[in-house]
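> Have a look at the structure that comes next, please.
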Amino acid sequence: MKFNIKALQLLIMVLLSFGGKTTAQLTDYNNNKEKIYIQTSHVFFKPGEDLFFKIYLVNAKNQFISVLSNVVYVEIVGPAGNIIQTHNYHVEDGYATGHYKFDASANGGIYKLRAYTTWMKNEKESTWFTKEVTVQKVIAPRVLMKLDFPQKGYGPGDEVSALFYP
């Protein structure tokens with residue numbers, strides 16, 4: 001019986017000693033989490049246009065410049081969910097700049113910019129930065145109509161009326 005009590009006391013002491021380290025490590029980890037923000041030039045693009053962006057890397061707790069990572073990975077995800085390209089940007093003084101050129105034959109749809117650091121890979125993907133941008137081919141409207149003016153001429157201040165036919 002004495003052996004079981006001493007073994008139980010030893011087990012509790014070991015668990016408590018590990019618990020203290022784990023709590024300190026967890027607190028340190030939570031204090032050093034990173035957060036990324038990306039500011040883009042636009043949210044609507046035509047195929048063939050450039051997407052310019054600025055990346056901000058901060059400490060998630062106090063919003064100061066993060067000192068843990070110096071590289072941010074940015075993925076361009078297509079409308080089908082496939083990763084089109086991955087870029088890495090060197091962060092200096094808390095920010096980096098970059099751009100991506102959409103192909104002239106790019107499919108229209110909602111593209112995503114997804115950004116993370118190596119440290120952020122320890123978290124779920126839902127904690128990574130994600131921003132949606134839309135690529136849409138713009139077609140100028142072609143309206144063909146015939147205008148018919150009932151009078152031959154108009155003077156200053158006259159009310160103009162016209163009939164149009166599609």
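Residue numbers start at 1 in each chain; chains themselves are named A, B, ... in the order of the structure tokens; ligands are numbered from 1 in the order shown.
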Please return as a ChimeraX atom specification: the residues of range 60-164 of chain A that backbone DSSP assigns to strand (DSSP E or B).
/A:65,71-77,83-90,92,95-101,109-116,129-135,146-148,163-164
> Using only C-alpha atoms, which protein or nucleic acid residues come within 8 Å of range 59-73 of chain A? Drop anything in the same chain fewer than 4 positions from it, and give the result as a ChimeraX atom specification.
/A:31-35,86-94,115-119
> Skip Ala106 in chain A itself and residues of its chain fewer than 3 positions away, then list as a VMD selection string all residues within 8 Å of it, counting only C-alpha atoms.
chain A and resid 47 to 48 102 to 103 135
> Find the residues around Gln151 in chain A up to 10 Å (only C-alpha atoms counted), leave out those fewer than 4 positions away in its own chain, and share them as a PyMOL selection string.
chain A and resi 160-162
> Give me the residues within 9 Å of Tyr100 in chain A as an mmCIF file with N, CA and C atoms, in the first residue's frame, counting only C-alpha atoms and dropping any in the same chain fewer than 6 places off.

data_model
loop_
_atom_site.group_PDB
_atom_site.id
_atom_site.type_symbol
_atom_site.label_atom_id
_atom_site.label_comp_id
_atom_site.auth_asym_id
_atom_site.auth_seq_id
_atom_site.Cartn_x
_atom_site.Cartn_y
_atom_site.Cartn_z
ATOM 1 N N GLU A 49 -4.586 41.978 -66.465
ATOM 2 C CA GLU A 49 -4.233 43.070 -65.550
ATOM 3 C C GLU A 49 -3.288 42.592 -64.459
ATOM 4 N N ASP A 50 -2.606 43.554 -63.841
ATOM 5 C CA ASP A 50 -1.707 43.278 -62.723
ATOM 6 C C ASP A 50 -2.422 43.501 -61.404
ATOM 7 N N LEU A 51 -2.176 42.601 -60.475
ATOM 8 C CA LEU A 51 -2.658 42.728 -59.101
ATOM 9 C C LEU A 51 -1.466 43.143 -58.261
ATOM 10 N N PHE A 52 -1.498 44.352 -57.719
ATOM 11 C CA PHE A 52 -0.437 44.838 -56.843
ATOM 12 C C PHE A 52 -0.924 44.739 -55.408
ATOM 13 N N PHE A 53 -0.029 44.335 -54.497
ATOM 14 C CA PHE A 53 -0.446 44.205 -53.105
ATOM 15 C C PHE A 53 0.701 44.519 -52.159
ATOM 16 N N ILE A 76 -1.730 32.052 -54.934
ATOM 17 C CA ILE A 76 -2.842 32.500 -55.761
ATOM 18 C C ILE A 76 -3.663 31.255 -56.061
#
> So that I can check the surroundings of Thr40 in chain A, please list as a PyMOL selection string every protein, DNA and RNA residue that reaches within 12 Å of it, counting only C-alpha atoms and ignoring chain neighbours fewer than 3 positions away.
chain A and resi 37+43-45+50-56+97-100+112-113+130-134
> Generate the output file for the selected residues, N, CA and C atoms, as a JSON list (two decimals), in the first residue's frame.

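Result file is again_39.json:
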[["chain", "number", "residue", "atom", "x", "y", "z"],
["A", 37, "TYR", "N", -1.92, 40.74, -42.95],
["A", 37, "TYR", "CA", -2.93, 41.51, -43.66],
["A", 37, "TYR", "C", -2.38, 41.81, -45.03],
["A", 43, "VAL", "N", -10.22, 45.04, -56.20],
["A", 43, "VAL", "CA", -10.82, 43.73, -55.94],
["A", 43, "VAL", "C", -11.44, 43.15, -57.21],
["A", 44, "PHE", "N", -11.58, 43.98, -58.25],
["A", 44, "PHE", "CA", -12.08, 43.52, -59.54],
["A", 44, "PHE", "C", -10.99, 43.72, -60.59],
["A", 45, "PHE", "N", -10.73, 42.66, -61.38],
["A", 45, "PHE", "CA", -9.68, 42.70, -62.38],
["A", 45, "PHE", "C", -10.17, 42.14, -63.69],
["A", 50, "ASP", "N", -2.61, 43.55, -63.84],
["A", 50, "ASP", "CA", -1.71, 43.28, -62.72],
["A", 50, "ASP", "C", -2.42, 43.50, -61.40],
["A", 51, "LEU", "N", -2.18, 42.60, -60.48],
["A", 51, "LEU", "CA", -2.66, 42.73, -59.10],
["A", 51, "LEU", "C", -1.47, 43.14, -58.26],
["A", 52, "PHE", "N", -1.50, 44.35, -57.72],
["A", 52, "PHE", "CA", -0.44, 44.84, -56.84],
["A", 52, "PHE", "C", -0.92, 44.74, -55.41],
["A", 53, "PHE", "N", -0.03, 44.33, -54.50],
["A", 53, "PHE", "CA", -0.45, 44.20, -53.10],
["A", 53, "PHE", "C", 0.70, 44.52, -52.16],
["A", 54, "LYS", "N", 0.31, 44.83, -50.92],
["A", 54, "LYS", "CA", 1.26, 45.09, -49.85],
["A", 54, "LYS", "C", 0.91, 44.16, -48.69],
["A", 55, "ILE", "N", 1.92, 43.49, -48.16],
["A", 55, "ILE", "CA", 1.75, 42.50, -47.10],
["A", 55, "ILE", "C", 2.22, 43.12, -45.79],
["A", 56, "TYR", "N", 1.40, 43.02, -44.76],
["A", 56, "TYR", "CA", 1.76, 43.48, -43.42],
["A", 56, "TYR", "C", 1.83, 42.26, -42.51],
["A", 97, "THR", "N", 6.12, 44.05, -50.48],
["A", 97, "THR", "CA", 5.24, 44.36, -51.61],
["A", 97, "THR", "C", 5.39, 43.27, -52.67],
["A", 98, "GLY", "N", 4.35, 43.11, -53.46],
["A", 98, "GLY", "CA", 4.40, 42.12, -54.52],
["A", 98, "GLY", "C", 3.35, 42.38, -55.57],
["A", 99, "HIS", "N", 3.38, 41.58, -56.60],
["A", 99, "HIS", "CA", 2.35, 41.68, -57.64],
["A", 99, "HIS", "C", 2.19, 40.33, -58.33],
["A", 100, "TYR", "N", 1.07, 40.18, -58.99],
["A", 100, "TYR", "CA", 0.77, 39.00, -59.79],
["A", 100, "TYR", "C", 0.05, 39.47, -61.03],
["A", 112, "LYS", "N", -8.45, 33.63, -54.95],
["A", 112, "LYS", "CA", -8.13, 33.90, -53.55],
["A", 112, "LYS", "C", -6.64, 34.12, -53.40],
["A", 113, "LEU", "N", -6.29, 35.08, -52.57],
["A", 113, "LEU", "CA", -4.91, 35.27, -52.12],
["A", 113, "LEU", "C", -4.86, 34.65, -50.73],
["A", 130, "THR", "N", -6.76, 35.23, -45.92],
["A", 130, "THR", "CA", -7.38, 34.91, -47.20],
["A", 130, "THR", "C", -8.16, 36.13, -47.68],
["A", 131, "LYS", "N", -7.97, 36.48, -48.93],
["A", 131, "LYS", "CA", -8.72, 37.59, -49.53],
["A", 131, "LYS", "C", -9.19, 37.16, -50.92],
["A", 132, "GLU", "N", -10.42, 37.50, -51.23],
["A", 132, "GLU", "CA", -10.98, 37.15, -52.54],
["A", 132, "GLU", "C", -10.90, 38.34, -53.48],
["A", 133, "VAL", "N", -10.52, 38.06, -54.72],
["A", 133, "VAL", "CA", -10.55, 39.06, -55.79],
["A", 133, "VAL", "C", -11.28, 38.42, -56.97],
["A", 134, "THR", "N", -11.94, 39.27, -57.75],
["A", 134, "THR", "CA", -12.74, 38.77, -58.86],
["A", 134, "THR", "C", -12.08, 39.13, -60.18]]
> What does the distance from CA of Asn107 in chain A to CA of Ala80 in chain A come to in Å, to one decimal?
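For CA of Asn107 in chain A relative to CA of Ala80 in chain A, the distance reads 9.8 Å.
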> Would you please work out which residue, of A:Arg142, A:Gln39, A:Val77, A:Thr127, is nearest to Ile110 in chain A when using only C-alpha atoms?
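Of all the options, A:Val77 lies closest to Ile110 in chain A.
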> Out of A:Ala104, A:His42, A:Gly109, A:Pro166, which residue has the shortest atom-to-atom distance to Gly78 in chain A when counting only C-alpha atoms?
A:Gly109
